[in-house]
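The structure file work15.txt is reproduced below (compact mmCIF, C-alpha atoms (C1' of nucleotides)).
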```txt
# COMPACT_ATOMS: atom_id res chain seq x y z
CA MET A 775 -31.75 -103.75 -152.00
CA SER A 776 -34.14 -103.22 -149.15
CA SER A 777 -34.94 -105.66 -146.37
CA THR A 778 -35.93 -108.16 -149.04
CA ASP A 779 -34.19 -109.44 -152.16
CA ARG A 780 -35.13 -107.57 -155.28
CA ALA A 781 -34.71 -110.24 -157.91
CA ALA A 782 -36.67 -112.89 -156.05
CA GLY A 783 -38.75 -111.13 -153.44
CA PRO A 784 -41.54 -112.64 -151.38
CA ARG A 785 -44.25 -114.34 -153.37
CA THR A 786 -47.99 -114.38 -152.94
CA ILE A 787 -49.75 -117.66 -152.50
CA THR A 788 -51.01 -117.60 -156.07
CA GLU A 789 -47.51 -117.11 -157.41
CA VAL A 790 -46.17 -119.96 -155.34
CA ALA A 791 -49.05 -122.16 -156.40
CA THR A 792 -48.23 -121.47 -160.02
CA ILE A 793 -44.52 -122.04 -159.53
CA ALA A 794 -45.00 -125.23 -157.57
CA GLY A 795 -47.86 -126.59 -159.60
CA LEU A 796 -50.07 -126.83 -156.55
CA SER A 797 -53.29 -125.11 -155.62
CA ALA A 798 -53.43 -122.32 -153.08
CA HIS A 799 -55.73 -124.63 -151.13
CA THR A 800 -53.01 -127.24 -150.96
CA LEU A 801 -50.40 -124.72 -149.87
CA ARG A 802 -52.58 -123.61 -146.98
CA TYR A 803 -53.30 -127.22 -146.18
CA TYR A 804 -49.58 -128.02 -146.07
CA GLU A 805 -49.00 -125.16 -143.71
CA ARG A 806 -51.96 -126.14 -141.55
CA ILE A 807 -50.68 -129.65 -141.02
CA GLY A 808 -47.18 -128.46 -140.23
CA LEU A 809 -45.49 -129.48 -143.44
CA LEU A 810 -44.56 -125.88 -144.10
CA ASP A 811 -43.45 -123.52 -141.37
CA PRO A 812 -45.88 -120.71 -140.66
CA VAL A 813 -45.46 -118.37 -143.59
CA PRO A 814 -44.82 -114.67 -142.80
CA ARG A 815 -47.75 -112.34 -143.37
CA VAL A 816 -48.03 -108.79 -144.55
CA HIS A 817 -50.38 -106.33 -142.93
CA GLY A 818 -53.81 -107.70 -143.68
CA GLY A 819 -52.82 -111.29 -143.09
CA GLN A 820 -51.74 -112.28 -146.57
CA ARG A 821 -48.91 -114.78 -146.89
CA ARG A 822 -45.59 -113.89 -148.44
CA TYR A 823 -43.38 -116.83 -149.26
CA GLY A 824 -39.61 -116.31 -149.12
CA ALA A 825 -36.90 -118.12 -151.07
CA GLY A 826 -36.38 -120.52 -148.18
CA ASP A 827 -40.04 -121.42 -148.18
CA LEU A 828 -39.85 -122.14 -151.90
CA ALA A 829 -36.76 -124.31 -151.56
CA TRP A 830 -38.28 -126.30 -148.73
CA LEU A 831 -41.52 -126.70 -150.63
CA ALA A 832 -39.65 -127.99 -153.65
CA PHE A 833 -37.94 -130.58 -151.51
CA VAL A 834 -41.22 -131.55 -149.92
CA GLN A 835 -42.59 -132.12 -153.40
CA ARG A 836 -39.75 -134.49 -154.15
CA LEU A 837 -40.52 -136.43 -151.03
CA ARG A 838 -44.19 -136.58 -151.99
CA ALA A 839 -43.38 -137.57 -155.54
CA THR A 840 -41.32 -140.45 -154.22
CA GLY A 841 -44.24 -141.54 -152.10
CA MET A 842 -43.20 -140.46 -148.64
CA PRO A 843 -46.33 -140.36 -146.48
CA ILE A 844 -47.31 -136.99 -145.06
CA ARG A 845 -46.83 -138.36 -141.58
CA ASP A 846 -43.11 -138.82 -142.26
CA MET A 847 -42.75 -135.49 -143.99
CA ARG A 848 -44.26 -133.83 -140.95
CA ARG A 849 -41.76 -135.61 -138.78
CA PHE A 850 -38.98 -134.42 -141.03
CA ALA A 851 -40.27 -130.86 -140.91
CA GLU A 852 -40.47 -131.05 -137.16
CA LEU A 853 -36.85 -132.22 -136.92
CA ARG A 854 -35.82 -129.33 -139.12
CA ARG A 855 -37.47 -126.90 -136.77
CA GLU A 856 -35.63 -128.39 -133.84
CA GLY A 857 -32.31 -127.36 -135.26
CA ASP A 858 -28.96 -128.76 -136.29
CA HIS A 859 -28.72 -131.42 -133.63
CA THR A 860 -31.40 -133.42 -135.48
CA ILE A 861 -29.40 -133.71 -138.68
CA GLY A 862 -28.41 -137.29 -137.94
CA GLU A 863 -31.99 -138.31 -137.42
CA ARG A 864 -33.06 -136.49 -140.55
CA ARG A 865 -30.43 -138.28 -142.56
CA GLU A 866 -31.57 -141.62 -141.19
CA LEU A 867 -35.16 -140.83 -142.09
CA LEU A 868 -34.13 -140.00 -145.63
CA GLU A 869 -31.99 -143.11 -145.88
CA ARG A 870 -34.88 -145.29 -144.83
CA HIS A 871 -37.04 -143.56 -147.38
CA ARG A 872 -34.42 -144.01 -150.05
CA THR A 873 -34.28 -147.72 -149.33
CA GLU A 874 -38.03 -147.96 -149.63
CA VAL A 875 -38.10 -146.10 -152.92
CA LEU A 876 -35.42 -148.35 -154.35
CA ALA A 877 -37.45 -151.36 -153.26
CA ARG A 878 -40.51 -149.83 -154.85
CA ILE A 879 -38.70 -149.31 -158.11
CA ALA A 880 -37.49 -152.91 -158.06
CA GLU A 881 -41.03 -154.11 -157.38
CA LEU A 882 -42.41 -152.06 -160.24
CA GLU A 883 -39.81 -153.44 -162.61
CA ARG A 884 -40.48 -156.98 -161.48
CA ASP A 885 -44.25 -156.76 -161.74
CA LEU A 886 -44.04 -154.93 -165.00
CA THR A 887 -42.55 -158.01 -166.61
CA ALA A 888 -45.89 -159.77 -166.06
CA VAL A 889 -47.63 -156.97 -167.91
CA THR A 890 -45.11 -157.00 -170.70
CA GLY A 891 -45.48 -160.76 -170.99
CA LYS A 892 -49.22 -160.46 -171.31
CA ILE A 893 -48.85 -157.83 -174.00
CA THR A 894 -46.64 -160.23 -175.91
CA THR A 895 -49.17 -163.01 -175.51
CA TYR A 896 -51.92 -160.79 -176.87
CA ARG A 897 -49.77 -159.71 -179.80
CA ASN A 898 -49.21 -163.34 -180.69
CA LEU A 899 -52.90 -164.11 -180.43
CA GLU A 900 -53.71 -161.17 -182.64
CA THR A 901 -51.33 -162.14 -185.41
CA ALA A 902 -52.57 -165.72 -185.15
CA HIS A 903 -56.25 -164.84 -185.48
CA ASP A 904 -55.81 -161.86 -187.71
CA PRO A 905 -52.99 -162.80 -190.05
CA ARG A 906 -52.56 -159.55 -191.86
CA GLN A 907 -49.13 -160.76 -192.88
CA PRO A 908 -49.29 -164.49 -193.48
CA ASP A 909 -46.09 -166.34 -194.29
CA ALA A 910 -44.92 -164.41 -197.30
CA MET B 1063 -60.85 -187.94 -156.77
CA SER B 1064 -64.36 -186.76 -157.18
CA SER B 1065 -65.76 -184.40 -159.74
CA THR B 1066 -62.96 -181.99 -158.94
CA ASP B 1067 -59.21 -182.09 -159.55
CA ARG B 1068 -57.16 -183.68 -156.82
CA ALA B 1069 -53.84 -181.94 -157.13
CA ALA B 1070 -55.22 -178.42 -157.39
CA GLY B 1071 -58.91 -178.59 -156.68
CA PRO B 1072 -61.17 -175.68 -155.94
CA ARG B 1073 -60.08 -173.54 -153.03
CA THR B 1074 -62.08 -171.96 -150.26
CA ILE B 1075 -61.92 -168.23 -149.80
CA THR B 1076 -59.61 -168.59 -146.82
CA GLU B 1077 -57.19 -170.69 -148.82
CA VAL B 1078 -57.14 -168.19 -151.64
CA ALA B 1079 -56.71 -165.34 -149.22
CA THR B 1080 -53.69 -167.09 -147.75
CA ILE B 1081 -52.22 -167.91 -151.15
CA ALA B 1082 -52.76 -164.44 -152.52
CA GLY B 1083 -51.83 -162.54 -149.40
CA LEU B 1084 -55.17 -160.79 -149.34
CA SER B 1085 -58.02 -160.87 -146.85
CA ALA B 1086 -61.24 -162.76 -147.53
CA HIS B 1087 -62.90 -159.37 -147.21
CA THR B 1088 -60.83 -158.06 -150.07
CA LEU B 1089 -61.56 -161.09 -152.25
CA ARG B 1090 -65.29 -160.61 -151.80
CA TYR B 1091 -64.84 -156.92 -152.45
CA TYR B 1092 -62.98 -157.61 -155.69
CA GLU B 1093 -65.77 -159.88 -156.82
CA ARG B 1094 -68.42 -157.38 -155.80
CA ILE B 1095 -66.92 -154.62 -157.89
CA GLY B 1096 -66.49 -156.88 -160.89
CA LEU B 1097 -62.75 -157.33 -160.74
CA LEU B 1098 -63.20 -161.06 -160.36
CA ASP B 1099 -65.85 -162.99 -162.24
CA PRO B 1100 -68.60 -164.40 -160.04
CA VAL B 1101 -66.96 -167.31 -158.27
CA PRO B 1102 -68.77 -170.66 -158.41
CA ARG B 1103 -70.51 -171.72 -155.20
CA VAL B 1104 -71.09 -175.04 -153.55
CA HIS B 1105 -74.39 -175.93 -151.99
CA GLY B 1106 -74.73 -173.52 -149.12
CA GLY B 1107 -73.37 -170.60 -151.05
CA GLN B 1108 -69.69 -170.92 -150.23
CA ARG B 1109 -67.21 -169.88 -152.88
CA ARG B 1110 -64.85 -172.31 -154.54
CA TYR B 1111 -62.06 -170.76 -156.53
CA GLY B 1112 -60.72 -172.66 -159.51
CA ALA B 1113 -57.25 -172.54 -161.06
CA GLY B 1114 -58.42 -169.97 -163.58
CA ASP B 1115 -59.66 -167.70 -160.83
CA LEU B 1116 -56.30 -167.96 -159.10
CA ALA B 1117 -54.36 -167.16 -162.25
CA TRP B 1118 -56.54 -164.17 -163.00
CA LEU B 1119 -56.27 -162.97 -159.42
CA ALA B 1120 -52.50 -163.22 -159.58
CA PHE B 1121 -52.46 -161.07 -162.68
CA VAL B 1122 -54.82 -158.58 -161.10
CA GLN B 1123 -52.38 -158.32 -158.24
CA ARG B 1124 -49.61 -157.45 -160.65
CA LEU B 1125 -51.71 -154.73 -162.12
CA ARG B 1126 -52.49 -153.39 -158.66
CA ALA B 1127 -48.86 -153.60 -157.61
CA THR B 1128 -47.89 -151.54 -160.61
CA GLY B 1129 -50.46 -148.95 -159.64
CA MET B 1130 -53.26 -149.54 -162.11
CA PRO B 1131 -56.42 -147.94 -160.74
CA ILE B 1132 -59.30 -150.26 -159.98
CA ARG B 1133 -61.38 -148.46 -162.56
CA ASP B 1134 -59.02 -149.63 -165.31
CA MET B 1135 -58.76 -153.14 -163.95
CA ARG B 1136 -62.53 -153.36 -164.00
CA ARG B 1137 -62.50 -152.26 -167.60
CA PHE B 1138 -59.93 -154.91 -168.39
CA ALA B 1139 -61.97 -157.58 -166.62
CA GLU B 1140 -65.02 -156.48 -168.55
CA LEU B 1141 -63.18 -156.80 -171.85
CA ARG B 1142 -62.05 -160.27 -170.88
CA ARG B 1143 -65.64 -161.29 -170.27
CA GLU B 1144 -66.62 -160.02 -173.67
CA GLY B 1145 -64.40 -162.56 -175.37
CA ASP B 1146 -61.57 -162.82 -177.83
CA HIS B 1147 -62.60 -159.97 -180.04
CA THR B 1148 -61.49 -157.55 -177.32
CA ILE B 1149 -57.91 -158.75 -177.26
CA GLY B 1150 -56.70 -155.79 -179.23
CA GLU B 1151 -58.27 -153.36 -176.85
CA ARG B 1152 -56.91 -155.27 -173.88
CA ARG B 1153 -53.42 -155.12 -175.29
CA GLU B 1154 -53.75 -151.40 -175.84
CA LEU B 1155 -54.89 -150.91 -172.30
CA LEU B 1156 -51.90 -152.84 -171.01
CA GLU B 1157 -49.56 -150.93 -173.28
CA ARG B 1158 -50.83 -147.62 -171.99
CA HIS B 1159 -50.38 -148.89 -168.48
CA ARG B 1160 -46.88 -150.10 -169.23
CA THR B 1161 -45.96 -146.67 -170.55
CA GLU B 1162 -47.25 -145.08 -167.41
CA VAL B 1163 -45.36 -147.43 -165.17
CA LEU B 1164 -42.14 -146.77 -167.06
CA ALA B 1165 -42.76 -143.06 -166.65
CA ARG B 1166 -43.41 -143.57 -162.98
CA ILE B 1167 -40.15 -145.46 -162.56
CA ALA B 1168 -38.29 -142.70 -164.35
CA GLU B 1169 -39.92 -140.12 -162.13
CA LEU B 1170 -39.01 -142.03 -158.99
CA GLU B 1171 -35.41 -142.32 -160.12
CA ARG B 1172 -35.26 -138.65 -160.97
CA ASP B 1173 -36.77 -137.44 -157.71
CA LEU B 1174 -34.74 -139.88 -155.71
CA THR B 1175 -31.60 -138.05 -156.73
CA ALA B 1176 -32.81 -135.06 -154.71
CA VAL B 1177 -33.17 -137.29 -151.68
CA THR B 1178 -29.78 -138.85 -152.21
CA GLY B 1179 -28.28 -135.40 -152.60
CA LYS B 1180 -29.76 -134.28 -149.31
CA ILE B 1181 -28.43 -137.37 -147.59
CA THR B 1182 -24.97 -136.50 -148.86
CA THR B 1183 -25.32 -132.94 -147.64
CA TYR B 1184 -26.30 -134.16 -144.21
CA ARG B 1185 -23.40 -136.59 -144.10
CA ASN B 1186 -21.00 -133.77 -144.85
CA LEU B 1187 -22.54 -131.59 -142.19
CA GLU B 1188 -22.24 -134.38 -139.70
CA THR B 1189 -18.58 -135.07 -140.34
CA ALA B 1190 -17.92 -131.34 -140.26
CA HIS B 1191 -19.59 -130.78 -136.90
CA ASP B 1192 -18.71 -134.09 -135.36
CA PRO B 1193 -15.20 -134.86 -136.57
CA ARG B 1194 -14.78 -138.33 -135.19
CA GLN B 1195 -11.98 -138.86 -137.64
CA PRO B 1196 -10.09 -135.59 -138.00
CA ASP B 1197 -7.28 -135.45 -140.49
CA ALA B 1198 -5.15 -138.33 -139.35
C1' DG C 524 -68.74 -94.89 -150.77
C1' DT C 525 -68.65 -99.04 -153.39
C1' DA C 526 -67.18 -102.40 -156.29
C1' DC C 527 -63.49 -105.55 -157.33
C1' DG C 528 -59.73 -108.71 -157.01
C1' DG C 529 -57.24 -111.26 -154.23
C1' DG C 530 -56.64 -113.11 -149.93
C1' DT C 531 -58.22 -115.32 -145.16
C1' DT C 532 -60.30 -119.08 -141.91
C1' DC C 533 -63.01 -122.98 -140.82
C1' DG C 534 -65.04 -126.95 -141.56
C1' DA C 535 -67.22 -130.09 -144.62
C1' DG C 536 -66.81 -133.23 -148.50
C1' DC C 537 -64.60 -136.30 -151.78
C1' DA C 538 -62.06 -140.22 -154.31
C1' DC C 539 -59.77 -144.29 -153.61
C1' DG C 540 -59.19 -148.78 -151.84
C1' DC C 541 -60.10 -151.25 -148.72
C1' DT C 542 -61.80 -152.99 -143.80
C1' DC C 543 -64.99 -154.35 -140.68
C1' DA C 544 -69.33 -155.21 -137.86
C1' DA C 545 -73.78 -157.41 -137.57
C1' DA C 546 -76.85 -160.73 -138.45
C1' DC C 547 -77.38 -164.80 -140.48
C1' DG C 548 -76.71 -169.86 -142.96
C1' DC C 549 -75.03 -174.42 -143.26
C1' DA C 550 -72.66 -178.82 -142.15
C1' DA C 551 -70.35 -181.83 -139.13
C1' DG C 552 -69.36 -183.58 -134.47
C1' DG C 553 -70.62 -184.82 -129.80
C1' DC D 40 -80.36 -180.64 -130.39
C1' DC D 41 -76.71 -177.61 -129.82
C1' DT D 42 -72.26 -175.93 -130.45
C1' DT D 43 -68.41 -174.84 -133.37
C1' DG D 44 -66.31 -173.32 -137.43
C1' DC D 45 -66.40 -171.49 -141.59
C1' DG D 46 -68.72 -169.00 -144.64
C1' DT D 47 -72.46 -165.50 -146.41
C1' DT D 48 -74.59 -160.61 -147.38
C1' DT D 49 -75.30 -155.79 -146.64
C1' DG D 50 -73.99 -151.66 -145.55
C1' DA D 51 -71.27 -148.64 -142.83
C1' DG D 52 -66.70 -146.79 -141.62
C1' DC D 53 -61.86 -145.60 -142.21
C1' DG D 54 -57.13 -143.61 -143.55
C1' DT D 55 -54.89 -140.75 -146.83
C1' DG D 56 -54.44 -136.62 -149.19
C1' DC D 57 -56.39 -133.42 -150.82
C1' DT D 58 -60.43 -130.15 -152.57
C1' DC D 59 -63.91 -127.03 -152.05
C1' DG D 60 -67.62 -123.81 -150.39
C1' DA D 61 -69.10 -120.10 -147.47
C1' DA D 62 -68.48 -116.17 -145.09
C1' DC D 63 -65.51 -112.70 -144.37
C1' DC D 64 -61.41 -109.11 -144.73
C1' DC D 65 -58.30 -105.77 -146.97
C1' DG D 66 -56.47 -102.45 -150.22
C1' DT D 67 -56.97 -100.02 -154.48
C1' DA D 68 -59.58 -97.79 -158.32
C1' DC D 69 -63.31 -95.30 -159.59
```
Please rewrite the model in this file as structure tokens.
Amino acid sequence: MSSTDRAAGPRTITEVATIAGLSAHTLRYYERIGLLDPVPRVHGGQRRYGAGDLAWLAFVQRLRATGMPIRDMRRFAELRREGDHTIGERRELLERHRTEVLARIAELERDLTAVTGKITTYRNLETAHDPRQPDA
Amino acid sequence: MSSTDRAAGPRTITEVATIAGLSAHTLRYYERIGLLDPVPRVHGGQRRYGAGDLAWLAFVQRLRATGMPIRDMRRFAELRREGDHTIGERRELLERHRTEVLARIAELERDLTAVTGKITTYRNLETAHDPRQPDA
DNA sequence: GTACGGGTTCGAGCACGCTCAAACGCAAGG
DNA sequence: CCTTGCGTTTGAGCGTGCTCGAACCCGTAC
């Protein structure tokens, strides 16, 4: 093994985009806004993403998927860069986010009952007006 | 009691905004884009929202809260205007939405485990580096 | 050399869902 | 009559999170 891992060496932006399900545009955008650390370049300026970059990106995607605003993810990334002494603050940020997501889930479940109720109402109306199966 | 109900007569836009937790701006916007039917006006052009408008608005808010795009809500409103023969289509629209919301909830729960896991990791790091309660 | 494939930067543009400013109307009170 | 308060319309602007186009660079194959 050389200076880089063999089995999972540095990836090009297109590879990472494919793996992550994002566009190369979005990856550059994430880096630009400080969500991703500056990615190492090879001679010529092309990015090569390491395993750490991929792991961080995957976590970032979880945060996005759970609705964390980019502002907060940037803050989180910034804390990461500052080192271990920010771990407490990072945990608190995640805990606040977790609380919000749980609240969001509860809200969705609550409001969904109204939708489900309406569906039921419509089903009843349909069988009433369109009695395909009248009292046997 | 005049020509209007006493207990729950027509409401001004400000009243409805307060009740619904929306701004008057947003109510006019919803009407403009066809989410709300044209609201009846008094002499002078001011809107007066009836009980039916309020009920519909409340349902619209449920749809919004569960993440239905405005495009789809407009479609739903349009079907409503077309009359009873669109009930089947309306139900299908709601059922599709319901499926999506359930998927969204599942996704949130799944991705939240990554967040929870990270919180746990951080907690362990903290107690390791900052042993406020070493082995008693 | 030149063409090609893949990458780069920079800045503009877009979709969504509001949000607001400006200019105006109307009715009631003093 | 004039002010005050509440409302109206029209159209512009905004915050978020991408998304894309244009111009350019680099290394390899022919």
Enclose the full set of atoms of segment 524-538 of chain C listed in the file within a box whose edges lie along x, y and z, apply 8 Å of padding to each of the six sides, and report centre and edge lengths in Å to one decimal as AutoDock Vina command-line options.
```
--center_x -62.7 --center_y -117.6 --center_z -149.1 --size_x 28.1 --size_y 61.3 --size_z 32.5
```
Quick one: chain B onto chain A, least squares on all Cα paired in order, result as a JSON list (two decimals) with C-alpha atoms, in the frame of the given file?
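The file below, result.json, is the result:
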```json
[["chain", "number", "residue", "atom", "x", "y", "z"],
["B", 1063, "MET", "CA", -35.39, -102.14, -153.74],
["B", 1064, "SER", "CA", -37.08, -101.89, -150.43],
["B", 1065, "SER", "CA", -36.60, -104.03, -147.38],
["B", 1066, "THR", "CA", -36.98, -107.09, -149.55],
["B", 1067, "ASP", "CA", -34.80, -108.63, -152.26],
["B", 1068, "ARG", "CA", -35.44, -107.40, -155.76],
["B", 1069, "ALA", "CA", -34.44, -110.33, -157.89],
["B", 1070, "ALA", "CA", -36.26, -112.97, -155.88],
["B", 1071, "GLY", "CA", -38.38, -111.20, -153.33],
["B", 1072, "PRO", "CA", -41.14, -112.72, -151.29],
["B", 1073, "ARG", "CA", -43.86, -114.38, -153.31],
["B", 1074, "THR", "CA", -47.60, -114.36, -152.88],
["B", 1075, "ILE", "CA", -49.41, -117.63, -152.46],
["B", 1076, "THR", "CA", -50.63, -117.54, -156.04],
["B", 1077, "GLU", "CA", -47.12, -117.09, -157.34],
["B", 1078, "VAL", "CA", -45.84, -119.98, -155.29],
["B", 1079, "ALA", "CA", -48.75, -122.13, -156.35],
["B", 1080, "THR", "CA", -47.89, -121.43, -159.97],
["B", 1081, "ILE", "CA", -44.18, -122.07, -159.46],
["B", 1082, "ALA", "CA", -44.72, -125.25, -157.52],
["B", 1083, "GLY", "CA", -47.58, -126.59, -159.58],
["B", 1084, "LEU", "CA", -49.81, -126.81, -156.54],
["B", 1085, "SER", "CA", -53.03, -125.04, -155.64],
["B", 1086, "ALA", "CA", -53.14, -122.24, -153.07],
["B", 1087, "HIS", "CA", -55.49, -124.52, -151.18],
["B", 1088, "THR", "CA", -52.82, -127.17, -150.99],
["B", 1089, "LEU", "CA", -50.17, -124.69, -149.85],
["B", 1090, "ARG", "CA", -52.36, -123.53, -146.99],
["B", 1091, "TYR", "CA", -53.13, -127.14, -146.20],
["B", 1092, "TYR", "CA", -49.44, -128.01, -146.06],
["B", 1093, "GLU", "CA", -48.84, -125.15, -143.68],
["B", 1094, "ARG", "CA", -51.84, -126.09, -141.57],
["B", 1095, "ILE", "CA", -50.61, -129.62, -141.03],
["B", 1096, "GLY", "CA", -47.11, -128.47, -140.21],
["B", 1097, "LEU", "CA", -45.40, -129.51, -143.40],
["B", 1098, "LEU", "CA", -44.40, -125.93, -144.06],
["B", 1099, "ASP", "CA", -43.28, -123.60, -141.30],
["B", 1100, "PRO", "CA", -45.68, -120.75, -140.60],
["B", 1101, "VAL", "CA", -45.20, -118.41, -143.53],
["B", 1102, "PRO", "CA", -44.54, -114.75, -142.72],
["B", 1103, "ARG", "CA", -47.45, -112.37, -143.31],
["B", 1104, "VAL", "CA", -47.69, -108.81, -144.47],
["B", 1105, "HIS", "CA", -50.03, -106.36, -142.86],
["B", 1106, "GLY", "CA", -53.45, -107.70, -143.65],
["B", 1107, "GLY", "CA", -52.49, -111.28, -143.05],
["B", 1108, "GLN", "CA", -51.40, -112.26, -146.54],
["B", 1109, "ARG", "CA", -48.60, -114.78, -146.85],
["B", 1110, "ARG", "CA", -45.25, -113.94, -148.36],
["B", 1111, "TYR", "CA", -43.05, -116.88, -149.18],
["B", 1112, "GLY", "CA", -39.30, -116.41, -149.03],
["B", 1113, "ALA", "CA", -36.58, -118.24, -150.95],
["B", 1114, "GLY", "CA", -36.11, -120.65, -148.06],
["B", 1115, "ASP", "CA", -39.78, -121.54, -148.09],
["B", 1116, "LEU", "CA", -39.58, -122.24, -151.80],
["B", 1117, "ALA", "CA", -36.53, -124.44, -151.46],
["B", 1118, "TRP", "CA", -38.09, -126.41, -148.64],
["B", 1119, "LEU", "CA", -41.33, -126.76, -150.57],
["B", 1120, "ALA", "CA", -39.44, -128.07, -153.58],
["B", 1121, "PHE", "CA", -37.80, -130.71, -151.44],
["B", 1122, "VAL", "CA", -41.12, -131.62, -149.87],
["B", 1123, "GLN", "CA", -42.44, -132.16, -153.35],
["B", 1124, "ARG", "CA", -39.64, -134.59, -154.07],
["B", 1125, "LEU", "CA", -40.48, -136.51, -150.98],
["B", 1126, "ARG", "CA", -44.14, -136.60, -151.97],
["B", 1127, "ALA", "CA", -43.30, -137.61, -155.52],
["B", 1128, "THR", "CA", -41.30, -140.51, -154.20],
["B", 1129, "GLY", "CA", -44.26, -141.57, -152.11],
["B", 1130, "MET", "CA", -43.27, -140.51, -148.62],
["B", 1131, "PRO", "CA", -46.41, -140.37, -146.48],
["B", 1132, "ILE", "CA", -47.35, -136.99, -145.08],
["B", 1133, "ARG", "CA", -46.92, -138.36, -141.59],
["B", 1134, "ASP", "CA", -43.20, -138.89, -142.23],
["B", 1135, "MET", "CA", -42.76, -135.56, -143.95],
["B", 1136, "ARG", "CA", -44.29, -133.88, -140.93],
["B", 1137, "ARG", "CA", -41.84, -135.70, -138.73],
["B", 1138, "PHE", "CA", -39.00, -134.54, -140.94],
["B", 1139, "ALA", "CA", -40.24, -130.96, -140.85],
["B", 1140, "GLU", "CA", -40.48, -131.17, -137.09],
["B", 1141, "LEU", "CA", -36.89, -132.38, -136.82],
["B", 1142, "ARG", "CA", -35.77, -129.51, -139.02],
["B", 1143, "ARG", "CA", -37.43, -127.05, -136.68],
["B", 1144, "GLU", "CA", -35.65, -128.57, -133.74],
["B", 1145, "GLY", "CA", -32.28, -127.58, -135.14],
["B", 1146, "ASP", "CA", -28.96, -129.04, -136.12],
["B", 1147, "HIS", "CA", -28.79, -131.67, -133.46],
["B", 1148, "THR", "CA", -31.46, -133.64, -135.33],
["B", 1149, "ILE", "CA", -29.45, -133.97, -138.51],
["B", 1150, "GLY", "CA", -28.53, -137.54, -137.76],
["B", 1151, "GLU", "CA", -32.11, -138.53, -137.28],
["B", 1152, "ARG", "CA", -33.12, -136.68, -140.43],
["B", 1153, "ARG", "CA", -30.52, -138.52, -142.43],
["B", 1154, "GLU", "CA", -31.72, -141.83, -141.06],
["B", 1155, "LEU", "CA", -35.26, -141.00, -141.98],
["B", 1156, "LEU", "CA", -34.20, -140.17, -145.52],
["B", 1157, "GLU", "CA", -32.12, -143.31, -145.74],
["B", 1158, "ARG", "CA", -35.05, -145.46, -144.72],
["B", 1159, "HIS", "CA", -37.16, -143.70, -147.29],
["B", 1160, "ARG", "CA", -34.53, -144.18, -149.96],
["B", 1161, "THR", "CA", -34.45, -147.90, -149.23],
["B", 1162, "GLU", "CA", -38.17, -148.08, -149.58],
["B", 1163, "VAL", "CA", -38.19, -146.22, -152.84],
["B", 1164, "LEU", "CA", -35.52, -148.51, -154.25],
["B", 1165, "ALA", "CA", -37.62, -151.47, -153.18],
["B", 1166, "ARG", "CA", -40.65, -149.92, -154.79],
["B", 1167, "ILE", "CA", -38.79, -149.43, -158.05],
["B", 1168, "ALA", "CA", -37.65, -153.03, -157.97],
["B", 1169, "GLU", "CA", -41.19, -154.17, -157.32],
["B", 1170, "LEU", "CA", -42.53, -152.11, -160.20],
["B", 1171, "GLU", "CA", -39.92, -153.54, -162.54],
["B", 1172, "ARG", "CA", -40.66, -157.05, -161.40],
["B", 1173, "ASP", "CA", -44.43, -156.78, -161.72],
["B", 1174, "LEU", "CA", -44.15, -154.95, -164.98],
["B", 1175, "THR", "CA", -42.69, -158.06, -166.56],
["B", 1176, "ALA", "CA", -46.05, -159.77, -166.05],
["B", 1177, "VAL", "CA", -47.74, -156.95, -167.91],
["B", 1178, "THR", "CA", -45.19, -157.03, -170.69],
["B", 1179, "GLY", "CA", -45.61, -160.78, -170.94],
["B", 1180, "LYS", "CA", -49.35, -160.43, -171.32],
["B", 1181, "ILE", "CA", -48.90, -157.81, -174.00],
["B", 1182, "THR", "CA", -46.71, -160.25, -175.90],
["B", 1183, "THR", "CA", -49.28, -162.99, -175.53],
["B", 1184, "TYR", "CA", -51.97, -160.73, -176.89],
["B", 1185, "ARG", "CA", -49.80, -159.69, -179.81],
["B", 1186, "ASN", "CA", -49.28, -163.32, -180.72],
["B", 1187, "LEU", "CA", -52.97, -164.04, -180.48],
["B", 1188, "GLU", "CA", -53.71, -161.10, -182.69],
["B", 1189, "THR", "CA", -51.31, -162.08, -185.44],
["B", 1190, "ALA", "CA", -52.59, -165.64, -185.21],
["B", 1191, "HIS", "CA", -56.24, -164.70, -185.60],
["B", 1192, "ASP", "CA", -55.76, -161.76, -187.87],
["B", 1193, "PRO", "CA", -52.93, -162.74, -190.20],
["B", 1194, "ARG", "CA", -52.45, -159.50, -192.05],
["B", 1195, "GLN", "CA", -49.04, -160.70, -193.07],
["B", 1196, "PRO", "CA", -49.24, -164.44, -193.69],
["B", 1197, "ASP", "CA", -46.06, -166.25, -194.55],
["B", 1198, "ALA", "CA", -44.88, -164.27, -197.52]]
```
Counting all atoms listed in the file, which residues of chain D fall within 10 Å of chain B, and what is the closest atom pair for each with its distance in Å at one decimal, ordered by chain and rising number, as JSON lines?
```
{"residue": "D:DC45", "atom": "C1'", "partner": "B:Thr1076", "partner_atom": "CA", "distance": 9.0}
{"residue": "D:DG46", "atom": "C1'", "partner": "B:Gln1108", "partner_atom": "CA", "distance": 6.0}
{"residue": "D:DT47", "atom": "C1'", "partner": "B:Gly1107", "partner_atom": "CA", "distance": 7.0}
```
Residue neighbourhood Phe833 of chain A, 12 Å, all atoms listed in the file, exclusion window fewer than 6 positions, as a ChimeraX atom specification: /A:794,809-810,826-827,839-840,842,847,850-851,868 /B:1173-1180
Kindly indicate which residue among C:DG553, C:DG529, C:DG534, C:DC547 lies nearest to chain A, using all atoms listed in the file for the distances.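 Selected residue with least distance to chain A: C:DG529.
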DG52 of chain D: which residues within 12 Å, counting all atoms listed in the file, same-chain residues fewer than 5 positions away excluded, as a list in words? DC541, DT542, DC543 and DA544 of chain C
